[in-house]
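One file, my_file-v4.cif, carrying mmCIF, C-alpha atoms and all ligand atoms:
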data_input
#
loop_
_atom_site.label_atom_id
_atom_site.label_comp_id
_atom_site.auth_asym_id
_atom_site.auth_seq_id
_atom_site.Cartn_x
_atom_site.Cartn_y
_atom_site.Cartn_z
CA MET A 155 66.08 117.81 -19.55
CA ARG A 156 66.49 117.15 -23.26
CA THR A 157 67.04 120.15 -25.49
CA ILE A 158 65.95 120.79 -29.05
CA ILE A 159 68.90 120.80 -31.45
CA ASP A 160 69.47 121.12 -35.18
CA CYS A 161 69.43 117.50 -36.21
CA PRO A 162 71.13 116.02 -39.31
CA CYS A 163 67.60 115.23 -40.61
CA GLY A 164 67.21 118.97 -41.25
CA LYS A 165 64.41 119.33 -38.67
CA PRO A 166 64.77 120.50 -35.09
CA CYS A 167 64.86 117.33 -32.96
CA PHE A 168 65.36 116.45 -29.34
CA ASP A 169 68.95 115.73 -28.34
CA ASP A 170 68.62 112.20 -27.02
CA LYS A 171 72.00 110.73 -26.09
CA GLU A 172 70.66 107.20 -25.63
CA LYS A 173 68.76 106.92 -28.88
CA GLY A 174 70.84 109.17 -31.10
CA TYR A 175 68.98 111.89 -32.97
CA ALA A 176 65.49 110.42 -32.81
CA MET A 177 62.48 111.75 -34.67
CA LYS A 178 60.33 113.76 -32.27
CA ARG A 179 57.23 111.92 -31.07
CA ALA A 180 54.10 114.04 -30.95
CA LEU A 181 50.86 113.05 -29.27
CA ILE A 182 47.68 114.86 -30.31
CA ILE A 183 44.88 114.34 -27.78
CA GLY A 184 41.44 114.85 -29.34
CA ALA A 185 42.55 114.63 -32.97
CA ALA A 186 39.27 113.48 -34.57
CA GLY A 187 37.78 116.97 -34.66
CA PHE A 188 38.14 119.86 -37.05
CA VAL A 189 41.65 120.95 -36.07
CA GLY A 190 43.09 117.46 -35.47
CA GLY A 191 43.34 116.38 -39.12
CA TYR A 192 45.10 119.58 -40.06
CA LEU A 193 47.47 119.34 -37.11
CA ILE A 194 48.36 115.74 -37.97
CA ARG A 195 49.29 116.86 -41.51
CA GLN A 196 51.30 119.85 -40.23
CA LEU A 197 53.27 117.83 -37.69
CA ARG A 198 54.09 115.11 -40.21
CA GLU A 199 55.37 117.80 -42.57
CA ASP A 200 57.43 119.18 -39.69
CA GLY A 201 59.10 115.82 -39.20
CA TYR A 202 57.22 114.44 -36.21
CA GLN A 203 56.20 110.84 -35.65
CA VAL A 204 52.51 111.34 -34.77
CA THR A 205 50.11 109.49 -32.52
CA ALA A 206 46.54 110.82 -32.60
CA THR A 207 43.84 109.99 -30.07
CA LYS A 208 40.10 109.87 -30.65
CA MET A 209 36.95 108.90 -28.80
CA PRO A 210 35.98 105.24 -29.39
CA HIS A 211 33.02 106.20 -31.63
CA GLU A 212 35.16 108.45 -33.87
CA THR A 213 37.39 107.80 -36.85
CA ILE A 214 40.42 109.71 -38.15
CA PRO A 215 40.89 109.34 -41.90
CA GLY A 216 44.36 109.15 -43.42
CA ASP A 217 47.49 107.13 -42.84
CA GLY A 218 51.11 107.55 -41.80
CA PHE A 219 50.25 108.03 -38.13
CA ASP A 220 49.27 105.92 -35.15
CA VAL A 221 45.70 106.13 -33.75
CA ARG A 222 44.62 105.31 -30.19
CA ASP A 223 41.30 105.56 -28.36
CA LEU A 224 41.29 107.88 -25.36
CA ASP A 225 38.58 109.47 -23.22
CA ILE A 226 40.24 112.20 -21.15
CA LEU A 227 37.72 111.66 -18.37
CA ASP A 228 39.56 108.37 -17.75
CA ARG A 229 42.66 109.55 -15.83
CA GLN A 230 44.19 106.06 -15.65
CA ALA A 231 43.87 105.56 -19.40
CA ILE A 232 45.82 108.80 -20.03
CA GLU A 233 48.60 107.65 -17.71
CA THR A 234 48.80 104.23 -19.38
CA LEU A 235 48.97 105.81 -22.84
CA LEU A 236 51.65 108.33 -21.86
CA ASN A 237 53.81 105.64 -20.25
CA ASP A 238 53.43 103.50 -23.34
CA LEU A 239 54.19 106.24 -25.89
CA ARG A 240 56.51 108.54 -23.95
CA PRO A 241 55.82 111.45 -26.33
CA ASP A 242 58.24 114.38 -26.60
CA CYS A 243 55.36 116.77 -27.00
CA ILE A 244 51.62 116.74 -26.41
CA PHE A 245 49.04 118.89 -28.15
CA HIS A 246 45.87 118.90 -26.02
CA LEU A 247 42.95 119.56 -28.36
CA ALA A 248 40.24 117.41 -26.77
CA ALA A 249 37.28 119.51 -25.72
CA GLN A 250 33.60 120.17 -25.86
CA SER A 251 34.32 123.01 -28.25
CA SER A 252 30.91 124.46 -29.06
CA VAL A 253 29.71 127.63 -27.29
CA TYR A 254 26.15 126.72 -28.28
CA LEU A 255 26.39 123.25 -26.72
CA SER A 256 28.00 124.73 -23.62
CA TRP A 257 24.74 126.57 -22.88
CA LYS A 258 22.75 123.38 -23.56
CA ASN A 259 25.01 121.11 -21.54
CA PRO A 260 27.20 123.07 -19.10
CA GLY A 261 27.92 120.00 -16.96
CA LEU A 262 29.47 118.04 -19.82
CA THR A 263 31.45 121.10 -20.96
CA ILE A 264 32.85 121.59 -17.46
CA ASP A 265 33.66 117.88 -17.12
CA VAL A 266 35.54 117.58 -20.41
CA ASN A 267 37.19 121.00 -20.59
CA ILE A 268 38.21 121.36 -16.94
CA LYS A 269 38.26 117.95 -15.33
CA GLY A 270 39.51 116.26 -18.51
CA SER A 271 42.26 118.84 -18.98
CA VAL A 272 43.36 118.49 -15.35
CA ASN A 273 43.49 114.72 -15.89
CA VAL A 274 45.88 115.32 -18.81
CA MET A 275 48.09 117.77 -16.88
CA ASP A 276 48.12 115.57 -13.82
CA ALA A 277 49.08 112.45 -15.76
CA VAL A 278 51.94 114.40 -17.38
CA ARG A 279 53.17 115.64 -14.01
CA PHE A 280 53.77 112.11 -12.73
CA LEU A 281 55.94 111.11 -15.70
CA ASP A 282 59.65 110.66 -15.01
CA TYR A 283 60.52 113.18 -17.75
CA LYS A 284 59.03 116.49 -18.89
CA PRO A 285 57.36 116.46 -22.30
CA ARG A 286 56.36 119.81 -23.78
CA VAL A 287 52.61 120.40 -23.66
CA LEU A 288 50.42 122.88 -25.55
CA LEU A 289 47.00 123.57 -24.04
CA ILE A 290 44.48 124.91 -26.54
CA GLY A 291 42.31 127.70 -25.18
CA SER A 292 40.16 130.27 -26.92
CA GLY A 293 39.86 133.96 -27.76
CA GLU A 294 36.41 133.61 -26.19
CA GLU A 295 38.21 133.69 -22.82
CA TYR A 296 38.52 137.49 -23.05
CA GLY A 297 34.73 137.72 -23.21
CA HIS A 298 33.33 141.17 -22.55
CA ILE A 299 35.98 143.34 -24.12
CA ALA A 300 35.80 147.03 -23.19
CA SER A 301 36.22 149.74 -25.81
CA GLY A 302 39.90 150.57 -26.20
CA GLU A 303 40.96 147.02 -25.29
CA THR A 304 41.17 145.79 -28.89
CA PRO A 305 43.28 144.36 -30.35
CA ILE A 306 43.36 142.35 -27.19
CA ALA A 307 46.69 141.28 -25.67
CA GLU A 308 47.34 138.26 -23.48
CA THR A 309 47.77 140.52 -20.43
CA ASN A 310 44.19 141.81 -20.71
CA ALA A 311 41.65 140.80 -18.07
CA VAL A 312 39.53 137.79 -18.98
CA ARG A 313 35.78 138.25 -18.52
CA PRO A 314 34.25 135.12 -20.06
CA GLY A 315 30.75 135.60 -21.40
CA ASN A 316 29.70 131.97 -21.82
CA ILE A 317 30.22 128.58 -20.21
CA TYR A 318 32.66 127.32 -22.85
CA ALA A 319 34.85 130.41 -22.38
CA ALA A 320 34.78 130.04 -18.59
CA THR A 321 36.02 126.44 -18.86
CA LYS A 322 38.90 127.52 -21.10
CA VAL A 323 39.84 130.27 -18.60
CA CYS A 324 39.98 127.59 -15.90
CA GLN A 325 42.16 125.37 -18.09
CA ASN A 326 44.56 128.28 -18.63
CA LEU A 327 44.72 129.21 -14.93
CA ILE A 328 45.22 125.65 -13.77
CA GLY A 329 47.86 125.17 -16.49
CA ARG A 330 49.86 128.08 -15.11
CA ILE A 331 49.53 126.73 -11.57
CA TYR A 332 50.90 123.35 -12.73
CA VAL A 333 53.85 125.04 -14.46
CA ASP A 334 54.69 127.08 -11.35
CA ALA A 335 54.18 124.23 -8.92
CA TYR A 336 55.77 121.36 -10.83
CA GLY A 337 58.10 123.02 -13.36
CA MET A 338 56.18 121.57 -16.30
CA GLU A 339 57.11 122.53 -19.88
CA MET A 340 53.60 123.68 -20.71
CA MET A 341 52.34 126.60 -22.79
CA SER A 342 48.78 127.79 -23.52
CA VAL A 343 47.24 129.33 -26.58
CA ARG A 344 44.11 131.40 -26.96
CA ALA A 345 42.96 130.52 -30.44
CA PHE A 346 40.56 132.94 -32.09
CA ASN A 347 37.97 131.77 -34.65
CA HIS A 348 39.53 129.30 -37.03
CA ILE A 349 37.81 128.31 -40.21
CA GLY A 350 38.27 126.15 -43.29
CA PRO A 351 37.04 123.11 -45.18
CA ASN A 352 35.62 120.29 -43.04
CA GLN A 353 34.47 122.42 -40.10
CA ALA A 354 31.17 121.38 -38.50
CA PRO A 355 28.22 123.55 -39.65
CA MET A 356 27.45 124.64 -36.07
CA PHE A 357 30.18 127.26 -36.66
CA VAL A 358 29.20 130.39 -38.57
CA VAL A 359 31.32 130.25 -41.74
CA ALA A 360 30.69 126.55 -42.30
CA ASP A 361 26.99 127.13 -41.62
CA PHE A 362 26.73 129.92 -44.23
CA CYS A 363 28.74 127.96 -46.83
CA LYS A 364 26.66 124.82 -46.31
CA GLN A 365 23.42 126.72 -46.68
CA VAL A 366 24.62 128.43 -49.88
CA ALA A 367 25.82 125.11 -51.37
CA GLU A 368 22.46 123.48 -50.59
CA ILE A 369 20.54 126.39 -52.14
CA GLU A 370 22.74 126.22 -55.26
CA GLN A 371 21.88 122.55 -55.61
CA GLY A 372 18.17 123.20 -55.23
CA LEU A 373 17.93 121.35 -51.93
CA HIS A 374 15.91 124.13 -50.35
CA GLU A 375 14.40 127.56 -51.03
CA PRO A 376 16.84 130.42 -51.83
CA VAL A 377 16.75 131.87 -48.29
CA ILE A 378 19.77 131.83 -45.96
CA HIS A 379 18.97 131.84 -42.22
CA VAL A 380 21.42 133.81 -40.08
CA GLY A 381 21.89 134.91 -36.48
CA ASN A 382 23.55 138.06 -35.10
CA LEU A 383 25.35 139.68 -38.05
CA SER A 384 26.82 142.63 -36.14
CA ALA A 385 29.37 140.69 -34.06
CA LYS A 386 32.99 141.13 -35.16
CA ARG A 387 35.32 138.17 -34.97
CA ASP A 388 38.96 137.44 -35.79
CA PHE A 389 38.99 134.65 -38.42
CA THR A 390 42.10 132.66 -39.37
CA ASP A 391 42.48 129.69 -41.69
CA VAL A 392 42.88 126.50 -39.68
CA ARG A 393 46.07 125.64 -41.62
CA ASP A 394 47.69 128.85 -40.39
CA VAL A 395 46.46 128.08 -36.87
CA VAL A 396 48.06 124.62 -36.73
CA ARG A 397 51.31 126.03 -38.13
CA ALA A 398 51.32 128.42 -35.17
CA TYR A 399 50.75 125.49 -32.78
CA SER A 400 53.72 123.61 -34.22
CA MET A 401 55.94 126.70 -33.98
CA LEU A 402 54.86 127.37 -30.41
CA MET A 403 55.63 123.80 -29.44
CA GLU A 404 59.21 124.42 -30.51
CA LYS A 405 59.67 127.99 -29.36
CA GLY A 406 57.02 128.80 -26.75
CA VAL A 407 58.06 129.65 -23.20
CA PRO A 408 56.56 127.45 -20.43
CA GLY A 409 53.88 129.19 -18.38
CA GLU A 410 53.17 131.71 -21.14
CA THR A 411 49.93 132.20 -23.07
CA TYR A 412 49.91 133.14 -26.76
CA ASN A 413 47.06 134.55 -28.83
CA VAL A 414 46.64 132.81 -32.19
CA GLY A 415 44.61 134.80 -34.68
CA SER A 416 44.78 137.01 -37.74
CA GLY A 417 44.82 140.28 -35.78
CA HIS A 418 41.85 141.65 -37.77
CA ALA A 419 38.21 141.44 -36.67
CA VAL A 420 35.66 141.19 -39.47
CA GLU A 421 31.92 141.74 -39.06
CA ILE A 422 29.88 138.56 -39.61
CA LYS A 423 27.76 140.60 -42.04
CA GLU A 424 30.85 141.11 -44.22
CA ILE A 425 31.63 137.39 -44.09
CA LEU A 426 28.10 136.65 -45.24
CA GLU A 427 28.30 139.21 -48.07
CA ARG A 428 31.62 137.80 -49.26
CA ILE A 429 30.25 134.24 -49.30
CA LEU A 430 27.09 135.34 -51.12
CA ALA A 431 29.29 137.16 -53.68
CA LEU A 432 31.02 133.84 -54.43
CA SER A 433 27.68 132.40 -55.59
CA LYS A 434 25.76 133.23 -58.76
CA THR A 435 22.45 132.19 -57.15
CA GLY A 436 20.13 134.97 -55.91
CA ILE A 437 19.78 134.38 -52.16
CA THR A 438 17.60 136.26 -49.64
CA VAL A 439 18.92 136.76 -46.08
CA GLU A 440 16.52 136.05 -43.20
CA VAL A 441 17.51 136.82 -39.60
CA ASP A 442 16.53 133.95 -37.31
CA PRO A 443 16.30 134.88 -33.57
CA GLN A 444 16.78 131.14 -32.77
CA LYS A 445 20.37 131.49 -33.98
CA PHE A 446 21.22 134.27 -31.47
CA ARG A 447 23.33 133.19 -28.51
CA PRO A 448 22.12 134.07 -24.98
CA VAL A 449 25.06 136.45 -24.50
CA ASP A 450 27.04 137.72 -27.47
CA VAL A 451 30.33 139.59 -27.29
CA PRO A 452 30.37 142.46 -29.84
CA ILE A 453 34.03 142.39 -30.88
CA ILE A 454 36.89 139.96 -30.46
CA GLU A 455 40.21 140.78 -32.16
CA ALA A 456 43.63 139.37 -31.31
CA ASP A 457 46.85 141.22 -30.64
CA THR A 458 49.26 138.66 -32.13
CA ARG A 459 52.57 140.43 -31.44
CA LYS A 460 53.62 137.95 -28.76
CA LEU A 461 53.14 134.96 -31.09
CA ARG A 462 54.92 136.69 -33.97
CA GLU A 463 57.84 137.85 -31.83
CA CYS A 464 58.27 134.41 -30.27
CA THR A 465 57.96 132.30 -33.44
CA GLY A 466 58.10 134.51 -36.54
CA TRP A 467 54.61 133.26 -37.48
CA GLU A 468 52.67 135.21 -40.10
CA ARG A 469 49.29 134.50 -41.63
CA ARG A 470 49.70 132.93 -45.10
CA ILE A 471 46.14 132.15 -46.23
CA SER A 472 43.81 135.06 -46.97
CA LEU A 473 40.21 135.23 -45.77
CA GLU A 474 39.10 135.24 -49.41
CA GLN A 475 40.90 131.95 -50.12
CA THR A 476 39.50 130.29 -46.99
CA LEU A 477 35.93 131.32 -47.80
CA GLN A 478 36.27 130.10 -51.40
CA GLU A 479 37.71 126.74 -50.32
CA THR A 480 35.14 126.28 -47.56
CA LEU A 481 32.28 126.98 -49.98
CA ASP A 482 33.84 124.59 -52.54
CA TYR A 483 34.12 121.96 -49.81
CA TRP A 484 30.39 122.22 -49.10
CA ARG A 485 29.60 122.21 -52.83
CA THR A 486 31.14 118.74 -53.07
CA ASN A 487 29.92 117.52 -49.69
CA THR A 488 26.22 118.35 -49.68
CA VAL A 489 24.02 115.32 -50.36
CA ARG A 490 23.68 116.08 -54.06
CA GLY A 491 27.38 117.03 -54.34
CA LYS A 492 28.32 113.63 -52.92
CA GLU A 493 26.11 111.80 -55.46
CA ALA A 494 27.75 113.63 -58.37
O1 LIG A 501 32.75 115.63 -28.93
P1 LIG A 501 33.26 114.66 -29.98
O2 LIG A 501 32.73 113.27 -29.82
O3 LIG A 501 33.17 115.23 -31.38
O4 LIG A 501 34.85 114.49 -29.69
C1 LIG A 501 35.67 115.64 -29.52
C2 LIG A 501 36.84 115.29 -28.61
N1 LIG A 501 36.38 115.06 -27.23
C3 LIG A 501 37.04 114.26 -26.40
N2 LIG A 501 38.20 113.59 -26.53
C4 LIG A 501 38.61 112.86 -25.50
N3 LIG A 501 37.91 112.75 -24.35
C5 LIG A 501 36.75 113.40 -24.17
N4 LIG A 501 36.08 113.25 -23.01
C6 LIG A 501 36.26 114.20 -25.22
N5 LIG A 501 35.15 114.97 -25.40
C7 LIG A 501 35.24 115.49 -26.63
O5 LIG A 501 37.71 116.39 -28.78
C8 LIG A 501 36.43 116.04 -30.77
O6 LIG A 501 36.79 114.95 -31.56
C9 LIG A 501 37.69 116.71 -30.17
C10 LIG A 501 37.64 118.22 -30.29
O7 LIG A 501 37.42 118.52 -31.64
P2 LIG A 501 36.42 119.66 -32.11
O8 LIG A 501 35.24 119.70 -31.22
O9 LIG A 501 36.19 119.52 -33.57
O10 LIG A 501 37.28 120.95 -31.82
P3 LIG A 501 38.32 121.66 -32.80
O11 LIG A 501 37.61 122.66 -33.60
O12 LIG A 501 39.13 120.60 -33.48
O13 LIG A 501 39.19 122.46 -31.76
C11 LIG A 501 40.32 121.90 -31.13
C12 LIG A 501 40.61 122.70 -29.87
C13 LIG A 501 39.51 122.59 -28.82
O14 LIG A 501 40.14 122.54 -27.56
C14 LIG A 501 38.72 123.85 -28.97
O15 LIG A 501 38.05 124.20 -27.80
C15 LIG A 501 39.82 124.85 -29.33
O16 LIG A 501 40.71 124.09 -30.18
O17 LIG A 501 39.34 125.94 -30.04
#
Could you rewrite the structure in this file as structure tokens?
Amino acid sequence: MRTIIDCPCGKPCFDDKEKGYAMKRALIIGAAGFVGGYLIRQLREDGYQVTATKMPHETIPGDGFDVRDLDILDRQAIETLLNDLRPDCIFHLAAQSSVYLSWKNPGLTIDVNIKGSVNVMDAVRFLDYKPRVLLIGSGEEYGHIASGETPIAETNAVRPGNIYAATKVCQNLIGRIYVDAYGMEMMSVRAFNHIGPNQAPMFVVADFCKQVAEIEQGLHEPVIHVGNLSAKRDFTDVRDVVRAYSMLMEKGVPGETYNVGSGHAVEIKEILERILALSKTGITVEVDPQKFRPVDVPIIEADTRKLRECTGWERRISLEQTLQETLDYWRTNTVRGKEA
């Protein structure tokens, strides 16, 4: 097994006797989504040589990294790619990541998030070396959190309240089985709500910011449509989240699960008020029952001690800064903003 050492390049690298002190090779599976672009940037900053995979219909903007097409439902294609690249570490991001879509299309969510993840783990297990692997799960896995259970630690029972969450629980459980059975160098995270510029507007903060930006530009009436405002969620800037992923790849213990979050739950109502306060336009709030999820979990808040003790990670970007930058992003990316 290769070990991570302090390399003359100043970054922690794998001790590879044959190649000398080589740059670490990172593979990000499912890098065309919201988190992928940020993780590519983080890993390049951390001294990795990065290969990012995407679905054939997707694009990944930027340069300085290698891009490959990969559908994780194609087990053989994963094996071929891994044998070709021989990455030192693998960040498995690919998923059907929307809770809303998981209710609409449970079959696809189960296929991608369980079967696809098992394809990845299983392809890794047949390699003739052991790359480190980080499986990305979700704070949603904890589901119905009883009073007194928050902030919620990794040892808490998981009681998933939606299809997406159930698939991520399965990924986590199967991941641990693979580690125990085959000695794989694989860790899991449970990432709580991450937010920031460029997130799809099916997620709450991006949705609110997009609506406000469109109202400001006169694209529709000054009414913002919202769902359940009483839920409390733990929001973290995506740039802090990917920094945690990179740190866990270096320091995480195989078979362990780490919460990644801010450690503070904030009511969606407060998020809305803060976003509205960043705008000078008078906006009326209208509750839209269509935006309620079939089952909503009242509070989700992470206990992040395990992550912090393992890696030294601390949140660097405040909620205020993230909301401002996300709103600014939508101000320049609404139709009229783009024309300007
Ligand atoms: O669904 P698409 O076409 O947007 O593509 C998503 C991709 N993906 C796949 N990649 C390979 N094989 C598949 N069968 C497959 N199905 C979907 O994974 C998308 O480009 C990427 C996931 O990105 P997002 O949906 O934007 O998720 P995000 O926010 O980047 O989250 C990354 C990870 C996910 O595992 C979440 O469940 C977790 O963090 O929170």
### Task
With a distance cut-off of 12 Å and all atoms listed in the file, select the neighbouring residues of Gly218 (chain A), excluding the residue or stretch itself and same-chain residues fewer than 2 positions from it, and output the selection as number ranges by chain.
A: 194-195, 197-199, 201-206, 214-216, 220-221
### Message
Using all atoms listed in the file, which residues have at least one atom no more than 7 Å from ligand LIG 501 (chain A)? Output them as a PyMOL selection string.
### Response
chain A and resi 183-190+208-209+212+224-227+246-252+266+270+290-292+345
Output file for the selection above: C-alpha atoms, as a PDB file, in the frame of the given file:
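Output below, filename out-v6.pdb:
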ATOM      1  CA  ILE A 183      44.880 114.340 -27.780  1.00  0.00           C
ATOM      2  CA  GLY A 184      41.440 114.850 -29.340  1.00  0.00           C
ATOM      3  CA  ALA A 185      42.550 114.630 -32.970  1.00  0.00           C
ATOM      4  CA  ALA A 186      39.270 113.480 -34.570  1.00  0.00           C
ATOM      5  CA  GLY A 187      37.780 116.970 -34.660  1.00  0.00           C
ATOM      6  CA  PHE A 188      38.140 119.860 -37.050  1.00  0.00           C
ATOM      7  CA  VAL A 189      41.650 120.950 -36.070  1.00  0.00           C
ATOM      8  CA  GLY A 190      43.090 117.460 -35.470  1.00  0.00           C
ATOM      9  CA  LYS A 208      40.100 109.870 -30.650  1.00  0.00           C
ATOM     10  CA  MET A 209      36.950 108.900 -28.800  1.00  0.00           C
ATOM     11  CA  GLU A 212      35.160 108.450 -33.870  1.00  0.00           C
ATOM     12  CA  LEU A 224      41.290 107.880 -25.360  1.00  0.00           C
ATOM     13  CA  ASP A 225      38.580 109.470 -23.220  1.00  0.00           C
ATOM     14  CA  ILE A 226      40.240 112.200 -21.150  1.00  0.00           C
ATOM     15  CA  LEU A 227      37.720 111.660 -18.370  1.00  0.00           C
ATOM     16  CA  HIS A 246      45.870 118.900 -26.020  1.00  0.00           C
ATOM     17  CA  LEU A 247      42.950 119.560 -28.360  1.00  0.00           C
ATOM     18  CA  ALA A 248      40.240 117.410 -26.770  1.00  0.00           C
ATOM     19  CA  ALA A 249      37.280 119.510 -25.720  1.00  0.00           C
ATOM     20  CA  GLN A 250      33.600 120.170 -25.860  1.00  0.00           C
ATOM     21  CA  SER A 251      34.320 123.010 -28.250  1.00  0.00           C
ATOM     22  CA  SER A 252      30.910 124.460 -29.060  1.00  0.00           C
ATOM     23  CA  VAL A 266      35.540 117.580 -20.410  1.00  0.00           C
ATOM     24  CA  GLY A 270      39.510 116.260 -18.510  1.00  0.00           C
ATOM     25  CA  ILE A 290      44.480 124.910 -26.540  1.00  0.00           C
ATOM     26  CA  GLY A 291      42.310 127.700 -25.180  1.00  0.00           C
ATOM     27  CA  SER A 292      40.160 130.270 -26.920  1.00  0.00           C
ATOM     28  CA  ALA A 345      42.960 130.520 -30.440  1.00  0.00           C
TER      29      ALA A 345
END
### Task
Quick one: pull the distance between CA of Gln196 (chain A) and CA of Val343 (chain A), Å, one decimal.
17.1 Å
### Message
What's around region 300-312 of chain A at 9 Å? Count all atoms listed in the file, leave out sequence neighbours fewer than 3 positions away in its own chain, and write the answer as a list in words.
### Response
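Residues near the query, excluding close chain neighbours: Glu294, Glu295, Tyr296, Gly297, Val323, Arg344, Thr411, Tyr412, Asn413, Gly417, His418, Ala419, Ile453, Ile454, Glu455, Ala456, Asp457, Thr458, Arg459 and Lys460 of chain A.
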### Query
In Å, with one decimal, what is the gap from CA of Tyr254 (chain A) to CA of His379 (chain A)?
16.5 Å
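CA of Lys364 (chain A) to CA of Ala431 (chain A) spans 14.6 Å [interatomic distance, one decimal].
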### Task
Would you list the contacts of Pro355 (chain A) as a list in words, taking every protein, DNA or RNA residue within 10 Å and counting all atoms listed in the file, but skipping same-chain residues closer than 5 positions in sequence?
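Using all atoms listed in the file, the neighbours found are Ala360, Asp361, Phe362, Cys363, Lys364, Gln365 and Trp484 of chain A.
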### Message
Here is a test: counting only C-alpha atoms, which residue of A:Thr234, A:Ser384, A:Ser400, A:Asn352 is nearest to Glu479 (chain A)?
### Response
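Of A:Thr234, A:Ser384, A:Ser400, A:Asn352, the one nearest Glu479 (chain A) is A:Asn352, counting only C-alpha atoms.
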### Query
With only C-alpha atoms as the basis for distance, which of A:Lys445, A:His211, A:Arg428, A:Arg229 is at the shortest distance from Ser271 (chain A)?
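Smallest distance to Ser271 (chain A) is found for A:Arg229.
By chain and then residue number, the residues within 12 Å of Asn487 (chain A) are Pro351, Asn352, Gln353, Ala354, Pro355, Ala360, Cys363, Lys364, Gln365, Ala367, Glu368, Gln371, Thr480, Leu481, Asp482, Tyr483, Gly491, Lys492, Glu493 and Ala494 of chain A, counting only C-alpha atoms and disregarding those fewer than 4 positions away in sequence.
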Have region 335-351 of chain A completed to N, CA and C atoms, please, and pass it along as an mmCIF file, in the coordinates of the input.
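Here's the written file result26.cif:
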data_model
loop_
_atom_site.group_PDB
_atom_site.id
_atom_site.type_symbol
_atom_site.label_atom_id
_atom_site.label_comp_id
_atom_site.auth_asym_id
_atom_site.auth_seq_id
_atom_site.Cartn_x
_atom_site.Cartn_y
_atom_site.Cartn_z
ATOM 1 N N ALA A 335 54.027 125.173 -10.030
ATOM 2 C CA ALA A 335 54.180 124.230 -8.920
ATOM 3 C C ALA A 335 55.099 123.067 -9.255
ATOM 4 N N TYR A 336 55.051 122.596 -10.501
ATOM 5 C CA TYR A 336 55.770 121.360 -10.830
ATOM 6 C C TYR A 336 56.832 121.534 -11.909
ATOM 7 N N GLY A 337 57.062 122.779 -12.345
ATOM 8 C CA GLY A 337 58.100 123.020 -13.360
ATOM 9 C C GLY A 337 57.802 122.354 -14.689
ATOM 10 N N MET A 338 56.524 122.241 -15.034
ATOM 11 C CA MET A 338 56.180 121.570 -16.300
ATOM 12 C C MET A 338 56.493 122.466 -17.495
ATOM 13 N N GLU A 339 56.769 121.820 -18.619
ATOM 14 C CA GLU A 339 57.110 122.530 -19.880
ATOM 15 C C GLU A 339 55.819 122.740 -20.659
ATOM 16 N N MET A 340 54.952 123.588 -20.130
ATOM 17 C CA MET A 340 53.600 123.680 -20.710
ATOM 18 C C MET A 340 53.274 125.125 -21.083
ATOM 19 N N MET A 341 52.767 125.292 -22.301
ATOM 20 C CA MET A 341 52.340 126.600 -22.790
ATOM 21 C C MET A 341 50.834 126.536 -23.072
ATOM 22 N N SER A 342 50.204 127.724 -23.152
ATOM 23 C CA SER A 342 48.780 127.790 -23.520
ATOM 24 C C SER A 342 48.613 128.685 -24.719
ATOM 25 N N VAL A 343 47.621 128.381 -25.534
ATOM 26 C CA VAL A 343 47.240 129.330 -26.580
ATOM 27 C C VAL A 343 45.804 129.774 -26.346
ATOM 28 N N ARG A 344 45.510 130.966 -26.835
ATOM 29 C CA ARG A 344 44.110 131.400 -26.960
ATOM 30 C C ARG A 344 43.864 131.534 -28.452
ATOM 31 N N ALA A 345 43.207 130.545 -29.004
ATOM 32 C CA ALA A 345 42.960 130.520 -30.440
ATOM 33 C C ALA A 345 41.666 131.276 -30.733
ATOM 34 N N PHE A 346 41.762 132.219 -31.667
ATOM 35 C CA PHE A 346 40.560 132.940 -32.090
ATOM 36 C C PHE A 346 39.872 132.116 -33.171
ATOM 37 N N ASN A 347 38.772 132.601 -33.732
ATOM 38 C CA ASN A 347 37.970 131.770 -34.650
ATOM 39 C C ASN A 347 38.801 131.196 -35.795
ATOM 40 N N HIS A 348 38.835 129.876 -35.889
ATOM 41 C CA HIS A 348 39.530 129.300 -37.030
ATOM 42 C C HIS A 348 38.525 128.607 -37.931
ATOM 43 N N ILE A 349 38.792 128.729 -39.210
ATOM 44 C CA ILE A 349 37.810 128.310 -40.210
ATOM 45 C C ILE A 349 38.512 127.569 -41.336
ATOM 46 N N GLY A 350 37.712 126.840 -42.133
ATOM 47 C CA GLY A 350 38.270 126.150 -43.290
ATOM 48 C C GLY A 350 37.409 124.975 -43.670
ATOM 49 N N PRO A 351 37.794 124.275 -44.746
ATOM 50 C CA PRO A 351 37.040 123.110 -45.180
ATOM 51 C C PRO A 351 36.943 122.073 -44.058
#
